[in-house]
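Colleague: Data file coords05.pdb (PDB, C-alpha atoms) is appended below.
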```pdb
ATOM      1  CA  MET A   1     108.789 102.834  96.555  1.00  0.00           C
ATOM      2  CA  LYS A   2     110.588 102.388  99.837  1.00  0.00           C
ATOM      3  CA  TYR A   3     112.685  99.511 101.131  1.00  0.00           C
ATOM      4  CA  VAL A   4     111.832  99.045 104.816  1.00  0.00           C
ATOM      5  CA  PRO A   5     112.923  96.700 107.623  1.00  0.00           C
ATOM      6  CA  ASP A   6     110.726  93.628 107.967  1.00  0.00           C
ATOM      7  CA  ALA A   7     108.269  94.349 110.791  1.00  0.00           C
ATOM      8  CA  THR A   8     108.446  90.713 111.882  1.00  0.00           C
ATOM      9  CA  ALA A   9     112.241  90.774 112.167  1.00  0.00           C
ATOM     10  CA  ASP A  10     114.414  92.041 115.013  1.00  0.00           C
ATOM     11  CA  ARG A  11     114.674  95.712 114.064  1.00  0.00           C
ATOM     12  CA  GLN A  12     117.441  97.825 115.524  1.00  0.00           C
ATOM     13  CA  PHE A  13     119.268 101.152 115.339  1.00  0.00           C
ATOM     14  CA  GLU A  14     122.738 102.134 114.199  1.00  0.00           C
ATOM     15  CA  SER A  15     125.209 103.861 116.557  1.00  0.00           C
ATOM     16  CA  ASP A  16     123.993 107.242 115.235  1.00  0.00           C
ATOM     17  CA  ASN A  17     120.386 106.338 116.143  1.00  0.00           C
ATOM     18  CA  THR A  18     119.304 105.886 112.534  1.00  0.00           C
ATOM     19  CA  VAL A  19     117.372 102.773 111.557  1.00  0.00           C
ATOM     20  CA  ASP A  20     119.586  99.868 110.559  1.00  0.00           C
ATOM     21  CA  ARG A  21     118.616  99.131 106.956  1.00  0.00           C
ATOM     22  CA  VAL A  22     121.611  96.973 106.100  1.00  0.00           C
ATOM     23  CA  GLY A  23     122.009  94.479 108.923  1.00  0.00           C
ATOM     24  CA  VAL A  24     118.340  93.433 109.042  1.00  0.00           C
ATOM     25  CA  ASP A  25     115.958  91.743 106.658  1.00  0.00           C
ATOM     26  CA  GLY A  26     114.019  94.175 104.518  1.00  0.00           C
ATOM     27  CA  LEU A  27     111.308  94.243 101.901  1.00  0.00           C
ATOM     28  CA  LEU A  28     109.176  96.497  99.724  1.00  0.00           C
ATOM     29  CA  SER A  29     106.933  98.587 101.963  1.00  0.00           C
ATOM     30  CA  GLU A  30     103.486  97.022 101.926  1.00  0.00           C
ATOM     31  CA  LEU A  31     101.827 100.407 101.490  1.00  0.00           C
ATOM     32  CA  ASP A  32     103.926 101.016  98.385  1.00  0.00           C
ATOM     33  CA  GLU A  33     102.732  97.735  96.900  1.00  0.00           C
ATOM     34  CA  TYR A  34      99.348  99.427  96.509  1.00  0.00           C
ATOM     35  CA  ALA A  35     101.016 102.192  94.491  1.00  0.00           C
ATOM     36  CA  VAL A  36     102.584  99.601  92.196  1.00  0.00           C
ATOM     37  CA  GLU A  37      99.230  97.840  91.828  1.00  0.00           C
ATOM     38  CA  GLN A  38      97.345 101.018  90.930  1.00  0.00           C
ATOM     39  CA  SER A  39     100.052 101.995  88.435  1.00  0.00           C
ATOM     40  CA  LEU A  40      99.655  98.630  86.733  1.00  0.00           C
ATOM     41  CA  GLN A  41      95.866  98.942  86.707  1.00  0.00           C
ATOM     42  CA  ILE A  42      96.077 102.401  85.139  1.00  0.00           C
ATOM     43  CA  LYS A  43      98.316 100.969  82.437  1.00  0.00           C
ATOM     44  CA  GLU A  44      95.938  98.060  81.814  1.00  0.00           C
ATOM     45  CA  LYS A  45      92.951 100.431  81.515  1.00  0.00           C
ATOM     46  CA  ALA A  46      94.851 102.563  79.008  1.00  0.00           C
ATOM     47  CA  GLU A  47      94.287  99.763  76.473  1.00  0.00           C
ATOM     48  CA  GLY A  48      96.249 100.475  73.286  1.00  0.00           C
ATOM     49  CA  ASP A  49      98.126 103.518  74.594  1.00  0.00           C
ATOM     50  CA  ASP A  50     101.887 103.306  74.955  1.00  0.00           C
ATOM     51  CA  VAL A  51     102.245 103.351  78.751  1.00  0.00           C
ATOM     52  CA  THR A  52     105.386 102.475  80.699  1.00  0.00           C
ATOM     53  CA  VAL A  53     105.477 101.822  84.453  1.00  0.00           C
ATOM     54  CA  THR A  54     108.860 102.656  85.978  1.00  0.00           C
ATOM     55  CA  ALA A  55     109.570 101.590  89.558  1.00  0.00           C
ATOM     56  CA  LEU A  56     111.749 104.099  91.451  1.00  0.00           C
ATOM     57  CA  CYS A  57     113.446 103.345  94.764  1.00  0.00           C
ATOM     58  CA  VAL A  58     115.989 105.240  96.878  1.00  0.00           C
ATOM     59  CA  GLY A  59     117.796 103.020  99.345  1.00  0.00           C
ATOM     60  CA  PRO A  60     120.836 100.883 100.206  1.00  0.00           C
ATOM     61  CA  GLU A  61     122.165  98.156  97.939  1.00  0.00           C
ATOM     62  CA  LYS A  62     119.831  95.587  99.513  1.00  0.00           C
ATOM     63  CA  ALA A  63     116.876  97.685  98.341  1.00  0.00           C
ATOM     64  CA  VAL A  64     117.331  96.025  94.956  1.00  0.00           C
ATOM     65  CA  ASP A  65     115.106  93.255  96.367  1.00  0.00           C
ATOM     66  CA  ALA A  66     112.209  95.710  96.586  1.00  0.00           C
ATOM     67  CA  VAL A  67     112.908  96.901  93.056  1.00  0.00           C
ATOM     68  CA  ARG A  68     112.874  93.334  91.744  1.00  0.00           C
ATOM     69  CA  LYS A  69     109.506  92.658  93.374  1.00  0.00           C
ATOM     70  CA  ALA A  70     107.972  95.633  91.560  1.00  0.00           C
ATOM     71  CA  LEU A  71     109.330  94.257  88.292  1.00  0.00           C
ATOM     72  CA  GLN A  72     107.945  90.817  89.152  1.00  0.00           C
ATOM     73  CA  MET A  73     104.538  92.365  89.822  1.00  0.00           C
ATOM     74  CA  GLY A  74     104.562  93.849  86.330  1.00  0.00           C
ATOM     75  CA  ALA A  75     106.498  97.128  86.212  1.00  0.00           C
ATOM     76  CA  ASP A  76     108.262  97.563  82.866  1.00  0.00           C
ATOM     77  CA  LYS A  77     111.584  98.879  84.162  1.00  0.00           C
ATOM     78  CA  ALA A  78     113.187 100.209  87.320  1.00  0.00           C
ATOM     79  CA  VAL A  79     115.606 102.768  88.709  1.00  0.00           C
ATOM     80  CA  HIS A  80     117.479 102.227  91.969  1.00  0.00           C
ATOM     81  CA  VAL A  81     119.184 105.274  93.482  1.00  0.00           C
ATOM     82  CA  THR A  82     121.816 104.232  96.000  1.00  0.00           C
ATOM     83  CA  ASP A  83     124.614 106.249  97.580  1.00  0.00           C
ATOM     84  CA  GLU A  84     126.235 106.041 101.007  1.00  0.00           C
ATOM     85  CA  ALA A  85     125.734 109.798 101.475  1.00  0.00           C
ATOM     86  CA  ILE A  86     121.935 109.336 101.462  1.00  0.00           C
ATOM     87  CA  ALA A  87     121.942 107.361 104.730  1.00  0.00           C
ATOM     88  CA  GLY A  88     120.153 109.240 107.513  1.00  0.00           C
ATOM     89  CA  SER A  89     118.276 111.558 105.154  1.00  0.00           C
ATOM     90  CA  ASP A  90     114.994 113.035 106.359  1.00  0.00           C
ATOM     91  CA  TYR A  91     111.844 113.652 104.316  1.00  0.00           C
ATOM     92  CA  VAL A  92     113.193 116.913 102.892  1.00  0.00           C
ATOM     93  CA  ALA A  93     116.347 115.323 101.489  1.00  0.00           C
ATOM     94  CA  THR A  94     114.522 112.188 100.374  1.00  0.00           C
ATOM     95  CA  SER A  95     112.030 114.242  98.375  1.00  0.00           C
ATOM     96  CA  LEU A  96     114.938 116.093  96.756  1.00  0.00           C
ATOM     97  CA  VAL A  97     116.585 112.876  95.572  1.00  0.00           C
ATOM     98  CA  LEU A  98     113.276 111.474  94.349  1.00  0.00           C
ATOM     99  CA  ALA A  99     112.437 114.684  92.485  1.00  0.00           C
ATOM    100  CA  LYS A 100     115.809 114.734  90.738  1.00  0.00           C
ATOM    101  CA  ALA A 101     115.367 111.090  89.764  1.00  0.00           C
ATOM    102  CA  VAL A 102     111.886 111.755  88.361  1.00  0.00           C
ATOM    103  CA  GLU A 103     113.256 114.706  86.389  1.00  0.00           C
ATOM    104  CA  LYS A 104     116.032 112.512  84.978  1.00  0.00           C
ATOM    105  CA  ILE A 105     113.499 109.876  83.985  1.00  0.00           C
ATOM    106  CA  GLY A 106     111.359 112.621  82.450  1.00  0.00           C
ATOM    107  CA  ALA A 107     114.256 113.819  80.333  1.00  0.00           C
ATOM    108  CA  GLU A 108     114.073 110.536  78.422  1.00  0.00           C
ATOM    109  CA  GLU A 109     110.298 110.050  78.279  1.00  0.00           C
ATOM    110  CA  LYS A 110     107.282 112.061  79.396  1.00  0.00           C
ATOM    111  CA  VAL A 111     106.203 111.509  82.988  1.00  0.00           C
ATOM    112  CA  ASP A 112     102.424 111.772  83.329  1.00  0.00           C
ATOM    113  CA  LEU A 113     101.891 110.299  86.781  1.00  0.00           C
ATOM    114  CA  VAL A 114     104.094 109.975  89.843  1.00  0.00           C
ATOM    115  CA  VAL A 115     102.369 107.388  92.041  1.00  0.00           C
ATOM    116  CA  CYS A 116     103.259 106.967  95.722  1.00  0.00           C
ATOM    117  CA  GLY A 117     101.990 104.982  98.659  1.00  0.00           C
ATOM    118  CA  MET A 118     100.148 106.811 101.443  1.00  0.00           C
ATOM    119  CA  ALA A 119     103.071 106.404 103.867  1.00  0.00           C
ATOM    120  CA  SER A 120     105.955 104.083 104.654  1.00  0.00           C
ATOM    121  CA  THR A 121     105.445 101.232 107.096  1.00  0.00           C
ATOM    122  CA  ASP A 122     108.539 102.171 109.104  1.00  0.00           C
ATOM    123  CA  ALA A 123     108.180 105.940 109.564  1.00  0.00           C
ATOM    124  CA  SER A 124     104.541 106.644 108.577  1.00  0.00           C
ATOM    125  CA  GLY A 125     105.349 110.239 107.655  1.00  0.00           C
ATOM    126  CA  SER A 126     102.874 110.614 104.762  1.00  0.00           C
ATOM    127  CA  VAL A 127     104.553 113.881 103.685  1.00  0.00           C
ATOM    128  CA  VAL A 128     106.880 112.802 100.859  1.00  0.00           C
ATOM    129  CA  PRO A 129     104.194 112.842  98.112  1.00  0.00           C
ATOM    130  CA  ALA A 130     103.316 116.466  98.926  1.00  0.00           C
ATOM    131  CA  MET A 131     106.988 117.485  99.115  1.00  0.00           C
ATOM    132  CA  LEU A 132     107.647 115.704  95.835  1.00  0.00           C
ATOM    133  CA  ALA A 133     104.765 117.525  94.145  1.00  0.00           C
ATOM    134  CA  GLU A 134     106.111 120.864  95.375  1.00  0.00           C
ATOM    135  CA  ARG A 135     109.621 120.164  94.109  1.00  0.00           C
ATOM    136  CA  LEU A 136     108.335 119.000  90.719  1.00  0.00           C
ATOM    137  CA  GLY A 137     105.901 121.906  90.420  1.00  0.00           C
ATOM    138  CA  LEU A 138     102.976 119.497  89.915  1.00  0.00           C
ATOM    139  CA  PRO A 139      99.473 119.360  91.391  1.00  0.00           C
ATOM    140  CA  GLN A 140      98.815 116.602  93.916  1.00  0.00           C
ATOM    141  CA  VAL A 141      95.819 114.350  94.522  1.00  0.00           C
ATOM    142  CA  THR A 142      96.615 112.350  97.618  1.00  0.00           C
ATOM    143  CA  LEU A 143      95.272 109.593  99.871  1.00  0.00           C
ATOM    144  CA  ALA A 144      93.113 108.070  97.154  1.00  0.00           C
ATOM    145  CA  SER A 145      90.961 105.062  98.025  1.00  0.00           C
ATOM    146  CA  VAL A 146      89.423 104.908  94.523  1.00  0.00           C
ATOM    147  CA  ILE A 147      91.185 106.024  91.329  1.00  0.00           C
ATOM    148  CA  GLU A 148      89.569 106.651  87.962  1.00  0.00           C
ATOM    149  CA  THR A 149      91.427 107.806  84.847  1.00  0.00           C
ATOM    150  CA  GLN A 150      90.217 108.880  81.435  1.00  0.00           C
ATOM    151  CA  GLY A 151      92.666 110.376  78.994  1.00  0.00           C
ATOM    152  CA  ASP A 152      94.705 112.930  80.935  1.00  0.00           C
ATOM    153  CA  GLN A 153      92.065 113.253  83.668  1.00  0.00           C
ATOM    154  CA  VAL A 154      92.387 111.667  87.113  1.00  0.00           C
ATOM    155  CA  ARG A 155      89.561 111.529  89.632  1.00  0.00           C
ATOM    156  CA  ILE A 156      89.909 110.088  93.126  1.00  0.00           C
ATOM    157  CA  LYS A 157      87.865 109.479  96.238  1.00  0.00           C
ATOM    158  CA  ARG A 158      89.445 110.411  99.545  1.00  0.00           C
ATOM    159  CA  ASP A 159      87.815 109.000 102.658  1.00  0.00           C
ATOM    160  CA  GLY A 160      87.863 111.269 105.695  1.00  0.00           C
ATOM    161  CA  ASP A 161      86.602 110.830 109.240  1.00  0.00           C
ATOM    162  CA  THR A 162      83.241 112.439 108.514  1.00  0.00           C
ATOM    163  CA  ALA A 163      82.950 112.596 104.731  1.00  0.00           C
ATOM    164  CA  THR A 164      84.298 111.385 101.397  1.00  0.00           C
ATOM    165  CA  GLU A 165      85.800 113.903  98.990  1.00  0.00           C
ATOM    166  CA  VAL A 166      85.927 113.579  95.214  1.00  0.00           C
ATOM    167  CA  ILE A 167      88.981 115.304  93.764  1.00  0.00           C
ATOM    168  CA  GLY A 168      90.004 115.649  90.138  1.00  0.00           C
ATOM    169  CA  GLY A 169      93.178 116.713  88.387  1.00  0.00           C
ATOM    170  CA  THR A 170      94.812 116.883  84.982  1.00  0.00           C
ATOM    171  CA  MET A 171      98.049 115.070  84.253  1.00  0.00           C
ATOM    172  CA  PRO A 172     100.893 115.468  84.897  1.00  0.00           C
ATOM    173  CA  LEU A 173     100.404 115.190  88.644  1.00  0.00           C
ATOM    174  CA  VAL A 174     101.480 113.376  91.804  1.00  0.00           C
ATOM    175  CA  LEU A 175      99.089 110.736  93.112  1.00  0.00           C
ATOM    176  CA  SER A 176      99.218 108.833  96.392  1.00  0.00           C
ATOM    177  CA  VAL A 177      97.000 105.840  97.160  1.00  0.00           C
ATOM    178  CA  THR A 178      95.840 104.200 100.376  1.00  0.00           C
ATOM    179  CA  ASP A 179      95.591 100.571 101.398  1.00  0.00           C
ATOM    180  CA  GLN A 180      91.881 100.736 100.529  1.00  0.00           C
ATOM    181  CA  SER A 181      92.576 101.201  96.819  1.00  0.00           C
ATOM    182  CA  GLY A 182      92.706  97.485  96.040  1.00  0.00           C
ATOM    183  CA  GLU A 183      94.733  94.456  97.098  1.00  0.00           C
ATOM    184  CA  ALA A 184      98.146  94.249  95.460  1.00  0.00           C
ATOM    185  CA  ARG A 185      98.737  91.272  93.178  1.00  0.00           C
ATOM    186  CA  TYR A 186     101.242  88.530  93.937  1.00  0.00           C
ATOM    187  CA  PRO A 187     104.069  88.043  91.448  1.00  0.00           C
ATOM    188  CA  SER A 188     103.285  85.082  89.207  1.00  0.00           C
ATOM    189  CA  PHE A 189     105.893  82.563  88.087  1.00  0.00           C
ATOM    190  CA  LYS A 190     105.720  84.098  84.622  1.00  0.00           C
ATOM    191  CA  GLY A 191     106.233  87.561  86.131  1.00  0.00           C
ATOM    192  CA  ILE A 192     109.199  86.404  88.180  1.00  0.00           C
ATOM    193  CA  MET A 193     110.894  84.946  85.122  1.00  0.00           C
ATOM    194  CA  ALA A 194     110.088  87.968  82.943  1.00  0.00           C
ATOM    195  CA  ALA A 195     111.517  90.363  85.560  1.00  0.00           C
ATOM    196  CA  LYS A 196     114.994  88.931  85.025  1.00  0.00           C
ATOM    197  CA  LYS A 197     115.074  90.417  81.524  1.00  0.00           C
ATOM    198  CA  LYS A 198     113.609  93.820  82.365  1.00  0.00           C
ATOM    199  CA  PRO A 199     115.942  96.852  82.415  1.00  0.00           C
ATOM    200  CA  MET A 200     117.066  98.198  85.780  1.00  0.00           C
ATOM    201  CA  GLU A 201     119.392 101.175  86.150  1.00  0.00           C
ATOM    202  CA  THR A 202     121.420 102.085  89.225  1.00  0.00           C
ATOM    203  CA  TRP A 203     122.105 105.779  89.826  1.00  0.00           C
ATOM    204  CA  SER A 204     124.207 107.640  92.367  1.00  0.00           C
ATOM    205  CA  LEU A 205     123.866 111.207  93.609  1.00  0.00           C
ATOM    206  CA  SER A 206     126.352 112.397  90.995  1.00  0.00           C
ATOM    207  CA  ASP A 207     124.104 110.990  88.268  1.00  0.00           C
ATOM    208  CA  LEU A 208     121.319 113.214  89.575  1.00  0.00           C
ATOM    209  CA  GLY A 209     123.423 116.329  90.097  1.00  0.00           C
ATOM    210  CA  VAL A 210     122.852 116.239  93.863  1.00  0.00           C
ATOM    211  CA  GLU A 211     125.718 117.151  96.185  1.00  0.00           C
ATOM    212  CA  ALA A 212     126.450 114.878  99.139  1.00  0.00           C
ATOM    213  CA  GLU A 213     126.195 117.937 101.420  1.00  0.00           C
ATOM    214  CA  GLN A 214     122.496 118.289 100.503  1.00  0.00           C
ATOM    215  CA  VAL A 215     121.464 114.948 101.984  1.00  0.00           C
ATOM    216  CA  GLY A 216     122.237 112.703 104.918  1.00  0.00           C
ATOM    217  CA  LEU A 217     121.970 112.950 108.680  1.00  0.00           C
ATOM    218  CA  SER A 218     124.182 116.046 108.977  1.00  0.00           C
ATOM    219  CA  VAL A 219     121.600 118.262 107.219  1.00  0.00           C
ATOM    220  CA  ALA A 220     118.460 116.537 108.483  1.00  0.00           C
ATOM    221  CA  TRP A 221     115.889 118.810 110.123  1.00  0.00           C
ATOM    222  CA  THR A 222     115.110 116.150 112.709  1.00  0.00           C
ATOM    223  CA  GLU A 223     117.301 113.786 114.700  1.00  0.00           C
ATOM    224  CA  VAL A 224     116.705 110.893 117.076  1.00  0.00           C
ATOM    225  CA  GLU A 225     118.641 111.730 120.237  1.00  0.00           C
ATOM    226  CA  GLU A 226     118.064 108.552 122.207  1.00  0.00           C
ATOM    227  CA  THR A 227     116.518 105.100 121.853  1.00  0.00           C
ATOM    228  CA  THR A 228     115.455 102.596 124.505  1.00  0.00           C
ATOM    229  CA  ALA A 229     115.067  98.890 123.934  1.00  0.00           C
ATOM    230  CA  ARG A 230     111.572  97.523 124.342  1.00  0.00           C
ATOM    231  CA  PRO A 231     111.266  95.911 127.804  1.00  0.00           C
ATOM    232  CA  PRO A 232     110.783  92.131 127.836  1.00  0.00           C
ATOM    233  CA  ARG A 233     107.257  90.876 128.135  1.00  0.00           C
ATOM    234  CA  THR A 234     106.222  90.024 131.673  1.00  0.00           C
ATOM    235  CA  ALA A 235     104.455  86.824 132.579  1.00  0.00           C
ATOM    236  CA  GLY A 236     100.688  87.033 132.323  1.00  0.00           C
ATOM    237  CA  GLU A 237      98.300  86.584 135.224  1.00  0.00           C
ATOM    238  CA  ILE A 238      96.399  83.292 135.237  1.00  0.00           C
ATOM    239  CA  VAL A 239      92.936  83.228 136.754  1.00  0.00           C
ATOM    240  CA  THR A 240      91.709  79.838 137.948  1.00  0.00           C
ATOM    241  CA  ASP A 241      88.147  78.861 138.810  1.00  0.00           C
ATOM    242  CA  GLU A 242      88.695  75.915 141.104  1.00  0.00           C
ATOM    243  CA  ASP A 243      86.635  77.366 143.956  1.00  0.00           C
ATOM    244  CA  GLY A 244      84.100  79.282 141.903  1.00  0.00           C
ATOM    245  CA  SER A 245      85.809  82.664 142.340  1.00  0.00           C
ATOM    246  CA  GLY A 246      87.179  82.865 138.784  1.00  0.00           C
ATOM    247  CA  ALA A 247      84.414  85.103 137.426  1.00  0.00           C
ATOM    248  CA  THR A 248      84.852  87.573 140.285  1.00  0.00           C
ATOM    249  CA  ALA A 249      88.633  87.673 139.882  1.00  0.00           C
ATOM    250  CA  LEU A 250      88.327  88.189 136.127  1.00  0.00           C
ATOM    251  CA  THR A 251      85.779  90.982 136.563  1.00  0.00           C
ATOM    252  CA  GLU A 252      87.976  92.755 139.124  1.00  0.00           C
ATOM    253  CA  PHE A 253      90.985  92.497 136.796  1.00  0.00           C
ATOM    254  CA  LEU A 254      89.088  93.943 133.841  1.00  0.00           C
ATOM    255  CA  ALA A 255      87.717  96.736 136.011  1.00  0.00           C
ATOM    256  CA  SER A 256      91.198  97.615 137.317  1.00  0.00           C
ATOM    257  CA  LYS A 257      92.357  98.049 133.704  1.00  0.00           C
ATOM    258  CA  LYS A 258      89.225 100.138 132.965  1.00  0.00           C
ATOM    259  CA  PHE A 259      88.081  97.679 130.302  1.00  0.00           C
ATOM    260  CA  ILE A 260      84.675  97.537 132.002  1.00  0.00           C
TER     261      ILE A 260
END
```
What does this structure look like when you write it as structure tokens?

Modeller:
Amino acid sequence: MKYVPDATADRQFESDNTVDRVGVDGLLSELDEYAVEQSLQIKEKAEGDDVTVTALCVGPEKAVDAVRKALQMGADKAVHVTDEAIAGSDYVATSLVLAKAVEKIGAEEKVDLVVCGMASTDASGSVVPAMLAERLGLPQVTLASVIETQGDQVRIKRDGDTATEVIGGTMPLVLSVTDQSGEARYPSFKGIMAAKKKPMETWSLSDLGVEAEQVGLSVAWTEVEETTARPPRTAGEIVTDEDGSGATALTEFLASKKFI
């Protein structure tokens, strides 16, 4: 899961042109809520099987809010990876940290499914699931709008522009889901109270065996060189119809903008 700036808040950049994730309000990426929801549904369909849903997030200290929401939704436990050296990391470095965290989780209990959202709401890269699958050496079934599981088999539907694909895979694998997979549940009062007692671990890069020189802005493959503030909104044009010319004026305006 990713902790992202609130789209309704006043988002801004740091002096190094990276997104400010500390000085603004943030929340769990909406697209990752679908990943949490599908993970919980897979667990519920597993009936009597011993299934654990672990929420994993890499982000600043404030990202703990996103982790708590996943626990409130129903995740059994959580891991929050936070380290100042991670700031400014690109997709390549982010996938490295995530992969090492998944491997550390897997050292304690078997990891069958790594479930991701289709993209983040702030960067919309959509490449981390594929990079994560490559680093973990696992097959990937991505951009799923419908997910079906039976035993160790996973079958998905992927909606394209001209057709719908049906793709199957055998666990363990990496799965990413779209916002068409099913509306994410709201945390209930019972879930909110239960989340306070659920285990949550905080790891640093040293816990994962990742060197600070492997992540961060200094080794990123891409860099934002310049940002420009959004210009203020200009006053709109008001068309009146006091003399019966309103329809003509409106038509001319729409035509000038090539709307008609």

Colleague: Using all atoms listed in the file, find the one residue out of A:Pro199, A:Gly216, A:Gly74, A:Pro139 that sits nearest to Gly168 of chain A.

Modeller: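 Under the stated criterion, the closest residue is A:Pro139.
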
Colleague: Evaluate the PyMOL selection byres ((chain A and resi 144-156) around 12) against this structure - the residues, as a VMD selection string, please.

Modeller: chain A and resid 34 to 35 37 to 39 41 to 49 51 111 to 113 115 to 118 139 to 143 157 to 160 164 to 183

Colleague: Determine the nearest neighbour of Pro60 of chain A from the options A:Ser95, A:Thr202, A:Thr121, A:Ala101, counting only C-alpha atoms.

Modeller: A:Thr202

Colleague: Within 9 Å of Leu27 of chain A, counting all atoms listed in the file, which residues show up once you throw out same-chain ones fewer than 3 positions away? Write them as number ranges by chain, please.

Modeller: A: 2-6, 30, 62-63, 65-66, 69

Colleague: If I take atom CA of Ala85 of chain A and atom CA of Thr222 of chain A, how far is one from the other in Å, to one decimal?

Modeller: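 Going from atom CA of Ala85 of chain A over to atom CA of Thr222 of chain A, I get 16.7 Å.
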
Colleague: How far is it from atom CA of Gly59 of chain A to atom CA of Ala87 of chain A, in Å with one decimal?

Modeller: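 Atom-to-atom, atom CA of Gly59 of chain A to atom CA of Ala87 of chain A, that is 8.1 Å.
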
Colleague: Please measure the separation of atom CA of Glu134 of chain A and atom CA of Met200 of chain A, giving the value in Å to one decimal.

Modeller: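 That distance, rounded to one decimal, is 26.9 Å.
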
Colleague: If you count all atoms listed in the file, which residues fall within 12 Å of Glu84 of chain A, apart from same-chain ones fewer than 3 positions away, as a VMD selection string?

Modeller: chain A and resid 21 to 22 58 to 61 81 87 to 89 203 to 206 212 to 213 215 to 217

Colleague: Run the PyMOL selection byres ((chain A and resi 131) around 10) mentally over the shown coordinates, then write out the matched residues as a PyMOL selection string, using the chain letters and numbers from the document.

Modeller: chain A and resi 91-96+98-99+126-130+132-137+140

Colleague: Using all atoms listed in the file, find the one residue out of A:Glu108, A:Asp243, A:Asp76, A:Glu211 that sits nearest to Lys198 of chain A.

Modeller: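 Looking only at the distances to Lys198 of chain A, the closest residue turns out to be A:Asp76.
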
Colleague: Might you pull out every residue within 8 Å of Leu208 of chain A, with all atoms listed in the file counted and same-chain residues fewer than 6 positions away left off, and present them as a list in words?

Modeller: Val97, Lys100, Ala101 and Lys104 of chain A

Colleague: Carefully work through the PyMOL selection byres ((chain A and resi 17) around 8) for this structure and note down the residues it includes, as number ranges by chain.

Modeller: A: 13-16, 18-19, 224-227

Colleague: Next, write the just-selected residues to a file, as a PDB file, keeping the file's coordinate frame, keeping C-alpha atoms as the atom set.

Modeller:
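Everything below was put into part12.pdb:
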```pdb
ATOM      1  CA  PHE A  13     119.268 101.152 115.339  1.00  0.00           C
ATOM      2  CA  GLU A  14     122.738 102.134 114.199  1.00  0.00           C
ATOM      3  CA  SER A  15     125.209 103.861 116.557  1.00  0.00           C
ATOM      4  CA  ASP A  16     123.993 107.242 115.235  1.00  0.00           C
ATOM      5  CA  THR A  18     119.304 105.886 112.534  1.00  0.00           C
ATOM      6  CA  VAL A  19     117.372 102.773 111.557  1.00  0.00           C
ATOM      7  CA  VAL A 224     116.705 110.893 117.076  1.00  0.00           C
ATOM      8  CA  GLU A 225     118.641 111.730 120.237  1.00  0.00           C
ATOM      9  CA  GLU A 226     118.064 108.552 122.207  1.00  0.00           C
ATOM     10  CA  THR A 227     116.518 105.100 121.853  1.00  0.00           C
TER      11      THR A 227
END
```

Colleague: Taking into account only C-alpha atoms, which residue in the set A:Glu103, A:Asp50, A:Glu201, A:Asp83 is nearest to Arg68 of chain A?

Modeller: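 Distance minimum relative to Arg68 of chain A lands on A:Glu201.
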
Colleague: Contacts of segment 234-241 of chain A at 12 Å or less, counting all atoms listed in the file, minus same-chain residues fewer than 2 places along, as an MDAnalysis selection string?

Modeller: chainID A and resid 230:232 243:254

Colleague: Might I get the box with edges along x, y and z of the file that holds all atoms of segment 146-151 of chain A listed there, padded by 4 Å on every side, given as centre and edge lengths in Å to one decimal, as lines of an AutoDock Vina configuration file?

Modeller:
```
center_x = 91.0
center_y = 107.6
center_z = 86.8
size_x = 11.2
size_y = 13.5
size_z = 23.5
```

Colleague: Can you complete the atoms of segment 208-215 of chain A to N, CA, C and O atoms and list them as a PDB file, keeping the file's coordinate frame?

Modeller:
```
ATOM      1  N   LEU A 208     122.486 112.342  89.447  1.00  0.00           N
ATOM      2  CA  LEU A 208     121.319 113.214  89.575  1.00  0.00           C
ATOM      3  C   LEU A 208     121.704 114.674  89.748  1.00  0.00           C
ATOM      4  O   LEU A 208     120.816 115.541  89.798  1.00  0.00           O
ATOM      5  N   GLY A 209     122.995 114.960  89.869  1.00  0.00           N
ATOM      6  CA  GLY A 209     123.423 116.329  90.097  1.00  0.00           C
ATOM      7  C   GLY A 209     123.151 116.823  91.508  1.00  0.00           C
ATOM      8  O   GLY A 209     123.001 118.028  91.744  1.00  0.00           O
ATOM      9  N   VAL A 210     123.093 115.891  92.466  1.00  0.00           N
ATOM     10  CA  VAL A 210     122.852 116.239  93.863  1.00  0.00           C
ATOM     11  C   VAL A 210     124.159 116.128  94.631  1.00  0.00           C
ATOM     12  O   VAL A 210     124.849 115.114  94.540  1.00  0.00           O
ATOM     13  N   GLU A 211     124.504 117.164  95.389  1.00  0.00           N
ATOM     14  CA  GLU A 211     125.718 117.151  96.185  1.00  0.00           C
ATOM     15  C   GLU A 211     125.497 116.356  97.470  1.00  0.00           C
ATOM     16  O   GLU A 211     124.405 116.362  98.040  1.00  0.00           O
ATOM     17  N   ALA A 212     126.539 115.674  97.917  1.00  0.00           N
ATOM     18  CA  ALA A 212     126.450 114.878  99.139  1.00  0.00           C
ATOM     19  C   ALA A 212     126.076 115.743 100.346  1.00  0.00           C
ATOM     20  O   ALA A 212     125.433 115.270 101.287  1.00  0.00           O
ATOM     21  N   GLU A 213     126.465 117.028 100.301  1.00  0.00           N
ATOM     22  CA  GLU A 213     126.195 117.937 101.420  1.00  0.00           C
ATOM     23  C   GLU A 213     124.708 118.294 101.515  1.00  0.00           C
ATOM     24  O   GLU A 213     124.270 118.882 102.508  1.00  0.00           O
ATOM     25  N   GLN A 214     123.922 117.960 100.499  1.00  0.00           N
ATOM     26  CA  GLN A 214     122.496 118.289 100.503  1.00  0.00           C
ATOM     27  C   GLN A 214     121.640 117.211 101.150  1.00  0.00           C
ATOM     28  O   GLN A 214     120.446 117.425 101.373  1.00  0.00           O
ATOM     29  N   VAL A 215     122.227 116.063 101.438  1.00  0.00           N
ATOM     30  CA  VAL A 215     121.464 114.948 101.984  1.00  0.00           C
ATOM     31  C   VAL A 215     122.198 114.366 103.189  1.00  0.00           C
ATOM     32  O   VAL A 215     123.299 114.793 103.532  1.00  0.00           O
TER      33      VAL A 215
END
```
